[in-house]
>>> print(open('final.cif').read())   # mmCIF, C-alpha atoms
data_final
loop_
_atom_site.label_atom_id
_atom_site.label_comp_id
_atom_site.auth_asym_id
_atom_site.auth_seq_id
_atom_site.Cartn_x
_atom_site.Cartn_y
_atom_site.Cartn_z
CA MET N 22 67.17 -74.51 37.21
CA ASP N 23 65.69 -77.88 38.12
CA GLN N 24 67.89 -77.94 41.20
CA TRP N 25 66.42 -74.58 42.29
CA LEU N 26 62.88 -75.83 41.93
CA ARG N 27 63.68 -78.95 43.93
CA ASN N 28 64.78 -76.67 46.79
CA THR N 29 61.79 -76.28 49.14
CA ASN N 30 62.93 -72.94 50.52
CA VAL N 31 63.25 -71.41 47.06
CA VAL N 32 59.71 -72.49 46.12
CA LYS N 33 58.33 -70.98 49.34
CA VAL N 34 60.06 -67.65 48.67
CA ILE N 35 58.73 -67.51 45.09
CA SER N 36 55.18 -68.33 46.27
CA LEU N 37 55.39 -65.58 48.88
CA ILE N 38 56.47 -63.01 46.29
CA ILE N 39 53.63 -63.97 43.90
CA GLY N 40 51.07 -63.74 46.71
CA ILE N 41 52.28 -60.27 47.69
CA LEU N 42 52.02 -59.06 44.08
CA LEU N 43 48.45 -60.36 43.69
CA TRP N 44 47.40 -58.69 46.94
CA ALA N 45 48.90 -55.37 45.78
CA VAL N 46 46.99 -55.51 42.47
CA VAL N 47 43.65 -56.18 44.15
CA ARG N 48 44.33 -53.57 46.78
CA ALA N 49 45.11 -50.92 44.15
CA ASP N 50 41.88 -51.68 42.23
CA ASN N 51 39.72 -51.29 45.33
CA ALA N 52 41.58 -48.50 47.05
CA PRO N 53 39.23 -45.67 48.14
CA ILE N 54 39.87 -42.10 46.94
CA ALA N 55 39.43 -39.11 49.18
CA GLY N 56 35.96 -37.60 48.85
CA THR N 57 34.31 -40.81 47.56
CA GLY N 58 32.01 -43.31 49.14
CA GLY N 59 34.87 -45.54 50.09
CA ALA N 60 35.19 -49.30 49.57
CA GLY N 61 36.33 -48.66 45.89
CA ILE N 62 33.18 -46.75 44.84
CA LEU N 63 33.65 -43.53 42.79
CA GLU N 64 31.38 -40.64 41.85
CA GLU N 65 31.34 -38.73 38.53
CA LYS N 66 29.18 -35.86 37.22
CA ILE N 67 28.09 -35.29 33.62
CA GLY N 68 26.69 -31.83 32.94
CA ASN N 69 24.51 -30.40 30.14
CA VAL N 70 22.89 -33.66 29.10
CA ALA N 71 20.00 -32.86 26.71
CA VAL N 72 16.53 -34.09 27.63
CA THR N 73 15.07 -36.12 24.75
CA PRO N 74 11.23 -36.20 24.68
CA LYS N 75 9.52 -39.39 23.45
CA TYR N 76 6.11 -38.66 21.90
CA ASP N 77 3.93 -39.09 18.81
CA THR N 78 5.51 -36.59 16.42
CA ASP N 79 2.61 -36.91 13.96
CA GLN N 80 0.09 -35.73 16.54
CA PHE N 81 1.85 -33.50 19.06
CA TYR N 82 4.40 -30.73 19.24
CA VAL N 83 6.67 -30.14 22.25
CA VAL N 84 6.59 -26.39 22.75
CA GLN N 85 8.93 -26.22 25.74
CA VAL N 86 11.10 -28.39 28.01
CA ASP N 87 12.36 -26.55 31.10
CA PRO N 88 15.20 -27.06 31.76
CA PRO N 89 16.22 -28.55 28.41
CA GLN N 90 19.38 -30.06 29.96
CA VAL N 91 20.14 -31.82 33.26
CA THR N 92 23.19 -32.90 35.26
CA LEU N 93 23.79 -36.61 35.93
CA SER N 94 25.56 -37.94 39.03
CA LEU N 95 27.11 -41.40 38.46
CA THR N 96 28.23 -43.76 41.24
CA GLY N 97 30.16 -46.99 40.65
CA ARG N 98 33.56 -48.58 40.34
CA ASP N 99 36.24 -46.75 38.42
CA SER N 100 36.35 -49.28 35.57
CA ALA N 101 32.56 -49.16 35.13
CA LEU N 102 32.49 -45.36 35.15
CA LYS N 103 35.32 -45.14 32.64
CA LYS N 104 33.46 -47.51 30.33
CA VAL N 105 30.32 -45.34 30.50
CA MET N 106 32.22 -42.11 29.95
CA ASN N 107 34.05 -43.50 26.93
CA SER N 108 31.00 -45.07 25.28
CA GLY N 109 28.82 -41.96 24.92
CA THR N 110 25.74 -44.15 24.36
CA TYR N 111 23.75 -42.79 27.29
CA SER N 112 20.86 -40.30 27.14
CA VAL N 113 18.09 -38.79 29.24
CA GLU N 114 14.54 -39.48 28.08
CA LEU N 115 11.25 -37.80 28.89
CA ASP N 116 8.34 -40.16 28.32
CA LEU N 117 5.31 -38.26 26.96
CA THR N 118 3.53 -41.21 25.36
CA LYS N 119 0.85 -41.29 28.08
CA VAL N 120 -0.01 -37.57 28.12
CA GLY N 121 -1.63 -35.21 25.62
CA LYS N 122 -1.94 -31.47 25.09
CA GLY N 123 -1.17 -29.47 28.22
CA GLU N 124 1.50 -28.51 30.77
CA TYR N 125 3.13 -31.12 33.05
CA LEU N 126 5.93 -31.70 35.59
CA LEU N 127 7.35 -35.13 34.74
CA PRO N 128 10.37 -37.22 35.76
CA VAL N 129 13.26 -37.85 33.40
CA THR N 130 14.82 -41.29 32.90
CA PRO N 131 18.55 -41.84 32.30
CA VAL N 132 19.04 -44.68 29.81
CA GLY N 133 22.04 -46.50 28.39
CA PHE N 134 23.80 -47.06 31.74
CA PRO N 135 24.95 -50.48 33.02
CA SER N 136 23.31 -52.02 36.10
CA ASN N 137 26.45 -51.63 38.20
CA VAL N 138 26.30 -47.81 37.85
CA THR N 139 23.84 -45.78 39.88
CA VAL N 140 22.54 -42.65 38.10
CA LYS N 141 20.78 -39.64 39.62
CA SER N 142 19.41 -36.67 37.59
CA THR N 143 19.42 -33.07 38.81
CA PRO N 144 16.70 -31.93 38.54
CA ALA N 145 14.79 -35.19 38.61
CA ASN N 146 11.66 -33.58 37.07
CA VAL N 147 11.26 -31.11 34.23
CA ARG N 148 8.40 -28.89 33.13
CA VAL N 149 7.03 -29.65 29.64
CA VAL N 150 4.41 -27.88 27.49
CA ILE N 151 2.70 -29.96 24.77
CA ASP N 152 0.45 -28.70 21.96
CA ASP N 153 -1.46 -30.39 19.16
CA LYS N 154 0.37 -30.41 15.84
CA LYS N 155 -1.40 -29.00 12.77
CA ASN N 156 -0.24 -29.29 9.19
CA LYS N 157 -0.69 -26.58 6.59
CA SER N 158 -0.07 -26.96 2.85
CA MET N 159 1.69 -23.84 1.53
CA PRO N 160 3.07 -22.71 -1.85
CA VAL N 161 6.77 -21.93 -2.03
CA THR N 162 7.53 -18.24 -2.61
CA VAL N 163 10.92 -17.54 -4.18
CA ASN N 164 12.50 -14.23 -3.17
CA VAL N 165 15.07 -13.22 -5.81
CA THR N 166 17.76 -10.82 -4.58
CA GLY N 167 20.66 -9.17 -6.36
CA ILE N 168 21.04 -7.74 -9.87
CA PRO N 169 22.14 -9.94 -12.81
CA ALA N 170 24.93 -8.99 -15.20
CA VAL N 171 24.55 -5.78 -17.22
CA GLY N 172 21.75 -5.92 -19.79
CA LEU N 173 20.15 -9.06 -18.31
CA LYS N 174 17.07 -9.66 -16.20
CA ALA N 175 15.92 -12.35 -13.76
CA GLY N 176 12.91 -14.26 -15.08
CA GLN N 177 10.11 -16.05 -13.24
CA PRO N 178 11.69 -18.45 -10.71
CA VAL N 179 10.56 -22.09 -10.48
CA ALA N 180 10.62 -24.14 -7.26
CA LYS N 181 10.48 -27.95 -7.19
CA PRO N 182 8.34 -28.94 -5.42
CA LYS N 183 6.22 -25.83 -5.51
CA GLN N 184 3.98 -26.94 -2.58
CA VAL N 185 5.23 -28.01 0.88
CA THR N 186 3.75 -28.98 4.26
CA VAL N 187 4.31 -26.76 7.31
CA SER N 188 3.83 -28.33 10.77
CA VAL N 189 3.29 -25.95 13.69
CA PRO N 190 1.65 -25.93 17.12
CA SER N 191 -2.08 -25.41 16.80
CA ARG N 192 -1.91 -22.14 18.75
CA ILE N 193 0.08 -20.44 15.95
CA TYR N 194 -1.52 -22.20 12.97
CA ASP N 195 -3.18 -19.02 11.68
CA GLU N 196 0.06 -17.04 11.98
CA VAL N 197 1.77 -18.93 9.14
CA GLU N 198 1.65 -16.48 6.24
CA SER N 199 4.26 -17.73 3.77
CA VAL N 200 7.07 -20.17 3.07
CA ARG N 201 10.03 -18.56 1.35
CA ALA N 202 13.24 -19.50 -0.39
CA ASP N 203 15.84 -16.75 -0.89
CA VAL N 204 18.01 -16.90 -4.04
CA ASN N 205 20.76 -14.44 -4.96
CA VAL N 206 21.39 -13.71 -8.67
CA GLU N 207 24.00 -10.98 -8.24
CA LYS N 208 25.96 -10.55 -11.53
CA ALA N 209 24.58 -13.82 -12.91
CA SER N 210 24.85 -14.21 -16.69
CA SER N 211 23.23 -17.66 -16.93
CA PRO N 212 20.32 -19.44 -15.19
CA VAL N 213 20.85 -19.84 -11.42
CA SER N 214 20.05 -23.28 -9.98
CA SER N 215 20.46 -24.11 -6.30
CA LYS N 216 19.08 -26.08 -3.38
CA VAL N 217 17.58 -23.67 -0.88
CA LYS N 218 16.47 -24.14 2.73
CA LEU N 219 12.89 -23.00 3.34
CA VAL N 220 11.79 -20.65 6.12
CA ALA N 221 8.21 -20.06 7.32
CA TYR N 222 7.19 -16.46 8.08
CA ASN N 223 4.31 -14.87 9.98
CA LYS N 224 2.20 -11.90 8.87
CA ASP N 225 4.81 -9.46 10.23
CA GLY N 226 7.52 -11.03 8.06
CA LYS N 227 9.29 -12.66 11.02
CA PRO N 228 10.58 -16.26 10.88
CA ILE N 229 8.57 -18.88 12.78
CA GLU N 230 11.28 -20.82 14.61
CA THR N 231 9.00 -23.66 15.72
CA ALA N 232 7.78 -24.46 12.19
CA VAL N 233 8.83 -27.78 10.67
CA ILE N 234 8.76 -27.78 6.86
CA ASN N 235 8.60 -30.93 4.75
CA PRO N 236 10.59 -31.02 2.58
CA ALA N 237 12.93 -28.57 4.29
CA VAL N 238 14.96 -27.95 1.12
CA VAL N 239 13.73 -27.35 -2.46
CA GLU N 240 15.42 -26.94 -5.82
CA VAL N 241 15.03 -23.46 -7.30
CA GLU N 242 15.89 -22.29 -10.82
CA VAL N 243 15.90 -18.64 -11.82
CA PRO N 244 16.16 -17.94 -15.58
CA ILE N 245 18.51 -15.10 -16.56
CA THR N 246 17.46 -13.49 -19.82
CA SER N 247 17.41 -10.25 -21.71
CA PRO N 248 14.70 -7.83 -20.53
CA PHE N 249 11.34 -8.74 -22.04
CA THR N 250 7.77 -7.56 -22.31
CA LEU N 251 4.47 -9.04 -23.51
CA VAL N 252 2.67 -6.92 -26.11
CA PRO N 253 -0.11 -7.39 -28.70
CA LEU N 254 1.00 -8.87 -32.03
CA GLN N 255 -0.30 -6.94 -35.04
CA VAL N 256 -0.40 -8.84 -38.34
CA LYS N 257 -0.59 -6.39 -41.25
CA LEU N 258 -3.20 -7.23 -43.89
CA VAL N 259 -2.51 -5.91 -47.40
CA GLY N 260 -4.54 -6.14 -50.60
CA GLU N 261 -8.11 -7.42 -50.92
CA PRO N 262 -9.86 -10.33 -52.65
CA PRO N 263 -11.12 -9.81 -56.23
CA ARG N 264 -14.65 -8.62 -56.96
CA GLY N 265 -17.24 -11.14 -55.89
CA TYR N 266 -15.19 -12.38 -52.91
CA ALA N 267 -14.75 -11.05 -49.41
CA VAL N 268 -12.91 -11.82 -46.17
CA ALA N 269 -15.27 -13.21 -43.55
CA SER N 270 -12.67 -13.52 -40.77
CA VAL N 271 -8.96 -13.62 -39.99
CA ARG N 272 -7.74 -15.70 -37.04
CA GLN N 273 -4.21 -15.65 -35.55
CA SER N 274 -2.68 -18.55 -33.63
CA THR N 275 -1.49 -15.99 -31.07
CA ASP N 276 -2.46 -12.39 -30.52
CA LYS N 277 0.45 -11.59 -28.14
CA VAL N 278 4.19 -12.02 -28.33
CA THR N 279 6.98 -11.89 -25.72
CA VAL N 280 9.69 -9.53 -26.95
CA PHE N 281 13.29 -9.75 -25.63
CA GLY N 282 15.62 -6.83 -26.16
CA PRO N 283 17.17 -3.65 -24.73
CA GLN N 284 15.05 -2.04 -22.04
CA ASN N 285 14.96 1.35 -23.78
CA VAL N 286 13.45 -0.31 -26.87
CA LEU N 287 10.91 -2.29 -24.86
CA ASP N 288 9.79 0.83 -22.99
CA ARG N 289 8.55 2.34 -26.28
CA LEU N 290 6.64 -0.73 -27.46
CA GLU N 291 2.86 -0.55 -27.40
CA PHE N 292 2.45 -3.40 -29.89
CA TYR N 293 4.72 -5.50 -32.11
CA GLU N 294 4.38 -5.34 -35.88
CA GLY N 295 4.30 -8.87 -37.22
CA PRO N 296 4.48 -10.20 -40.79
CA GLN N 297 2.31 -9.09 -43.71
CA VAL N 298 -0.52 -11.24 -45.04
CA ASN N 299 -1.45 -10.56 -48.64
CA LEU N 300 -5.20 -10.97 -49.22
CA GLY N 301 -4.99 -10.16 -52.92
CA ASP N 302 -6.32 -12.75 -55.38
CA LEU N 303 -7.75 -14.96 -52.59
CA LYS N 304 -10.88 -16.83 -53.72
CA GLU N 305 -10.84 -19.56 -51.07
CA ASP N 306 -9.79 -20.14 -47.48
CA LYS N 307 -6.06 -20.12 -46.88
CA GLU N 308 -3.65 -20.74 -44.00
CA PHE N 309 -0.39 -18.77 -43.71
CA THR N 310 2.46 -19.82 -41.40
CA LEU N 311 4.87 -16.91 -41.24
CA PRO N 312 7.99 -16.03 -39.22
CA ILE N 313 7.67 -13.01 -36.95
CA PRO N 314 10.54 -10.75 -38.03
CA PRO N 315 12.89 -9.25 -35.38
CA ARG N 316 13.05 -5.46 -35.59
CA ASN N 317 14.86 -2.56 -33.87
CA ASN N 318 17.57 -4.55 -32.04
CA ILE N 319 15.08 -7.12 -30.77
CA LYS N 320 17.08 -10.22 -29.74
CA GLN N 321 14.35 -12.85 -29.46
CA LEU N 322 10.61 -13.37 -29.92
CA ASP N 323 8.41 -15.98 -28.31
CA PRO N 324 6.72 -17.39 -30.29
CA ASP N 325 8.82 -16.67 -33.38
CA LYS N 326 6.10 -17.79 -35.83
CA VAL N 327 2.40 -17.08 -36.26
CA THR N 328 -0.27 -18.98 -38.17
CA VAL N 329 -2.98 -16.88 -39.82
CA ASN N 330 -6.19 -18.48 -41.11
CA VAL N 331 -8.17 -16.41 -43.65
CA THR N 332 -11.78 -17.35 -44.40
CA ILE N 333 -13.04 -16.27 -47.87
CA VAL N 334 -16.75 -16.18 -48.83
CA PRO N 335 -18.78 -14.87 -51.80
CA SER N 336 -19.40 -11.16 -51.32
CA VAL N 337 -22.69 -9.23 -51.30
CA THR N 338 -23.40 -5.53 -51.87
CA LYS N 339 -25.52 -2.95 -50.08
CA THR N 340 -26.22 0.75 -50.66
CA LEU N 341 -25.85 3.01 -47.63
CA GLU N 342 -27.79 6.26 -48.01
CA ALA N 343 -27.22 9.82 -46.73
CA ILE N 344 -23.68 9.41 -45.47
CA PRO N 345 -22.54 12.84 -44.18
CA LEU N 346 -19.27 14.27 -45.48
CA SER N 347 -16.63 15.34 -42.91
CA ILE N 348 -14.07 18.11 -43.54
CA ILE N 349 -10.52 17.87 -42.20
CA GLY N 350 -7.50 20.20 -42.44
CA GLN N 351 -9.49 23.43 -41.99
CA ASN N 352 -7.66 26.66 -41.16
CA ASP N 353 -8.98 28.40 -38.01
CA GLY N 354 -9.22 31.73 -39.89
CA PHE N 355 -11.55 30.34 -42.59
CA ASP N 356 -15.06 29.00 -42.98
CA THR N 357 -15.35 25.89 -45.13
CA LYS N 358 -18.61 24.40 -46.34
CA VAL N 359 -19.78 21.78 -48.83
CA VAL N 360 -21.71 23.35 -51.71
CA LEU N 361 -22.04 20.27 -53.90
CA PRO N 362 -23.77 18.00 -53.19
CA GLU N 363 -26.07 20.56 -51.59
CA SER N 364 -27.16 18.14 -48.86
CA GLY N 365 -23.55 17.49 -47.85
CA GLN N 366 -24.34 13.77 -48.03
CA LEU N 367 -23.67 10.89 -50.43
CA ASN N 368 -24.93 7.38 -51.05
CA LEU N 369 -22.33 4.61 -51.22
CA THR N 370 -22.55 0.99 -52.34
CA VAL N 371 -20.34 -1.28 -50.22
CA GLU N 372 -19.25 -4.87 -50.70
CA GLY N 373 -18.27 -7.56 -48.20
CA ALA N 374 -19.20 -10.79 -46.46
CA GLN N 375 -22.93 -11.30 -45.88
CA GLU N 376 -22.61 -11.32 -42.09
CA LEU N 377 -20.70 -8.03 -42.04
CA ILE N 378 -22.79 -6.20 -44.63
CA ASP N 379 -26.11 -7.09 -42.97
CA LYS N 380 -25.01 -5.28 -39.78
CA LEU N 381 -23.58 -2.23 -41.53
CA LYS N 382 -25.27 1.19 -41.06
CA PRO N 383 -24.54 4.63 -42.62
CA GLN N 384 -23.01 5.88 -39.38
CA ASP N 385 -20.42 3.07 -39.59
CA VAL N 386 -18.93 4.70 -42.73
CA GLN N 387 -17.18 8.05 -42.96
CA GLY N 388 -16.77 10.21 -46.11
CA ILE N 389 -13.79 12.57 -45.73
CA LEU N 390 -12.84 15.80 -47.58
CA ASP N 391 -9.25 17.00 -46.96
CA VAL N 392 -8.92 20.78 -47.51
CA SER N 393 -5.40 21.13 -46.11
CA ASN N 394 -3.37 23.95 -47.75
CA LEU N 395 -6.29 25.08 -49.98
CA PRO N 396 -6.66 28.89 -50.46
CA PRO N 397 -10.01 30.75 -50.30
CA GLY N 398 -12.42 30.00 -53.14
CA LYS N 399 -14.27 27.02 -54.53
CA HIS N 400 -12.49 23.70 -54.94
CA GLU N 401 -13.39 20.25 -56.17
CA VAL N 402 -12.07 17.73 -53.64
CA PRO N 403 -12.00 13.90 -53.95
CA VAL N 404 -13.93 11.95 -51.32
CA THR N 405 -11.99 9.33 -49.38
CA TRP N 406 -13.83 6.69 -47.43
CA ASN N 407 -13.14 5.29 -43.98
CA LEU N 408 -14.68 1.81 -44.07
CA PRO N 409 -14.89 -1.00 -41.51
CA THR N 410 -12.36 -3.83 -41.77
CA PHE N 411 -13.01 -6.27 -44.64
CA VAL N 412 -15.57 -3.91 -46.23
CA LYS N 413 -14.76 -2.24 -49.58
CA LYS N 414 -16.63 0.26 -51.72
CA GLY N 415 -18.36 -0.89 -54.85
CA PRO N 416 -16.94 -0.26 -58.34
CA GLN N 417 -17.13 3.05 -60.22
CA GLN N 418 -17.72 5.22 -57.15
CA ASP N 419 -14.95 7.80 -57.36
CA PHE N 420 -16.90 10.67 -55.83
CA LYS N 421 -15.89 14.31 -55.69
CA ALA N 422 -17.45 17.18 -53.79
CA THR N 423 -17.22 20.97 -54.16
CA VAL N 424 -16.24 23.04 -51.12
CA GLU N 425 -16.17 26.81 -50.65
CA ILE N 426 -13.51 28.39 -48.43
CA SER N 427 -13.91 31.98 -47.20
CA ALA N 428 -12.38 34.17 -44.50
CA LYS N 429 -14.28 34.46 -41.24
CA PRO N 430 -15.90 37.89 -40.61
CA GLY N 431 -13.56 40.23 -38.72
CA LYS N 432 -10.47 38.10 -39.35
CA GLN N 433 -7.71 38.66 -41.84
CA PRO N 434 -6.80 35.50 -43.67
CA GLU N 435 -3.29 34.25 -43.07
CA THR N 436 -1.05 34.74 -46.07
CA PRO N 437 1.91 32.51 -46.84
CA PRO N 438 5.31 34.09 -46.06
CA ALA N 439 7.00 35.95 -48.90
CA THR N 440 9.53 33.98 -50.82
CA PRO N 441 12.99 35.64 -50.47
CA PRO N 442 14.59 36.71 -53.75
CA ALA N 443 17.06 34.33 -55.24
CA ALA N 444 20.69 35.15 -54.64
CA PRO N 445 22.35 36.84 -57.62
#
>>> encode(input="final.cif", output="structure tokens")
Amino acid sequence: MDQWLRNTNVVKVISLIIGILLWAVVRADNAPIAGTGGAGILEEKIGNVAVTPKYDTDQFYVVQVDPPQVTLSLTGRDSALKKVMNSGTYSVELDLTKVGKGEYLLPVTPVGFPSNVTVKSTPANVRVVIDDKKNKSMPVTVNVTGIPAVGLKAGQPVAKPKQVTVSVPSRIYDEVESVRADVNVEKASSPVSSKVKLVAYNKDGKPIETAVINPAVVEVEVPITSPFTLVPLQVKLVGEPPRGYAVASVRQSTDKVTVFGPQNVLDRLEFYEGPQVNLGDLKEDKEFTLPIPPRNNIKQLDPDKVTVNVTIVPSVTKTLEAIPLSIIGQNDGFDTKVVLPESGQLNLTVEGAQELIDKLKPQDVQGILDVSNLPPGKHEVPVTWNLPTFVKKGPQQDFKATVEISAKPGKQPETPPATPPAAP
């Protein structure tokens, strides 16, 4: 090998070959391609490049960019163009930082290209419409769709957060009517929780595409429960305090209860009968905490307990004069009248709390004579009294009255049906 290198002719041949190879490499790199600018310069086109506006997003809203995309023509050496095409770091910007609300024709600026690549945009200018941005605080409305599993019902949905900010162009600010989240509970048997994208709607119920909502997604929970209804809670009072004492007031911790159960049972509920409170033998204030009993296939009650506070005071008495007697149970074919007392009125001594008794008048009390199923003739009938709550009649006042029943003129009295003979 050393002998070859000492040969001058061999060295000259090798040098010639290396020189030819280097020339070929440089020539290939700079060779012009048909249809290009020659001298090793190439052209490339990039279509559908989005125009990116630069502006104060807190103050303005870009309503329209026309066209929204442009075509870029790139000129440069092959290696430089390949580097640009492979990087994908380029963009086309529209500088709006020096303009405000209005309509403009402005140039676009390609960015992210090296200095050895020439870039031309087609078109070079785009039309842009800018509006002021306005923010509107709106509650989140949850629209529940679908039907839960058999026998269950969707409860009141809860959105977190329940208030969001809607940003829109000022020209459509008044059109924003609602912000809604749609949740499907089809065949659900347990609470439904999900993250839901919000949509702003106008007064016609159409989505507002340009609205920006912050936050754009909220957490929504829809309880799935048995059917329920809210009805008055009736606590039954039984008995009465001994003589000399009276109930001044009764207060319940709640006067309504939410009842969960079958829908056909709930549909018949006008009120819910709660526990009994026994007022007998009470001579002082007392507090009762009692469970509310489930009845008639009721599954759940909310609340399930009630606290009843009874206020007891010394009683006072008062005599109410000339209370008229009322007759009930009369037959249409008879005349019934009170013959004793002749006035058809009675005096009654009542007992109760001072505050109640002081306000009591004769017309607040009703004396009742029940003549149901009585035949014609004179009859002595006991008087029953309809008294206001927490008022009782005084002792030794078991009144009776005499009534006379006779057939009306021109009418035959109805006779009871004959009793069939007993079977032999």
>>> residues_around(input="final.cif", residues="range 188-191 of chain N", least_positions_apart="5", cutoff="8 Å", atoms="all atoms listed in the file", output="ChimeraX atom specification")
/N:81-82,84,152-157,231-234
>>> atom_distance(input="final.cif", atom1="CA of Val86 in chain N", atom2="CA of Val149 in chain N")
4.6 Å
>>> resolve_selection(input="final.cif", expression="the PyMOL selection byres ((chain N and resi 243-249) around 8)", output="count of residues only")
26
>>> residues_around(input="final.cif", residues="range 98-108 of chain N", least_positions_apart="3", cutoff="8 Å", atoms="all atoms listed in the file", output="NGL selection string")
:N and (61-63 or 65 or 95 or 111 or 134-135 or 137-138)
>>> atom_distance(input="final.cif", atom1="CA of Asp385 in chain N", atom2="CA of Ser347 in chain N")
13.3 Å
>>> resolve_selection(input="final.cif", expression="the PyMOL selection byres ((chain N and resi 412) around 6)", output="PyMOL selection string")
chain N and resi 372-373+409-411+413
>>> closest_residue(input="final.cif", among="N:Ile333, N:Ala237, N:Val113, N:Thr310", to="Val268 in chain N", atoms="only C-alpha atoms")
N:Ile333
>>> atom_distance(input="final.cif", atom1="CA of Val386 in chain N", atom2="CA of Leu346 in chain N")
10.0 Å
>>> resolve_selection(input="final.cif", expression="the PyMOL selection byres ((chain N and resi 271) around 8)", output="list in words")
Val268, Ala269, Ser270, Arg272, Gln273, Val329, Asn330, Val331 and Thr332 of chain N
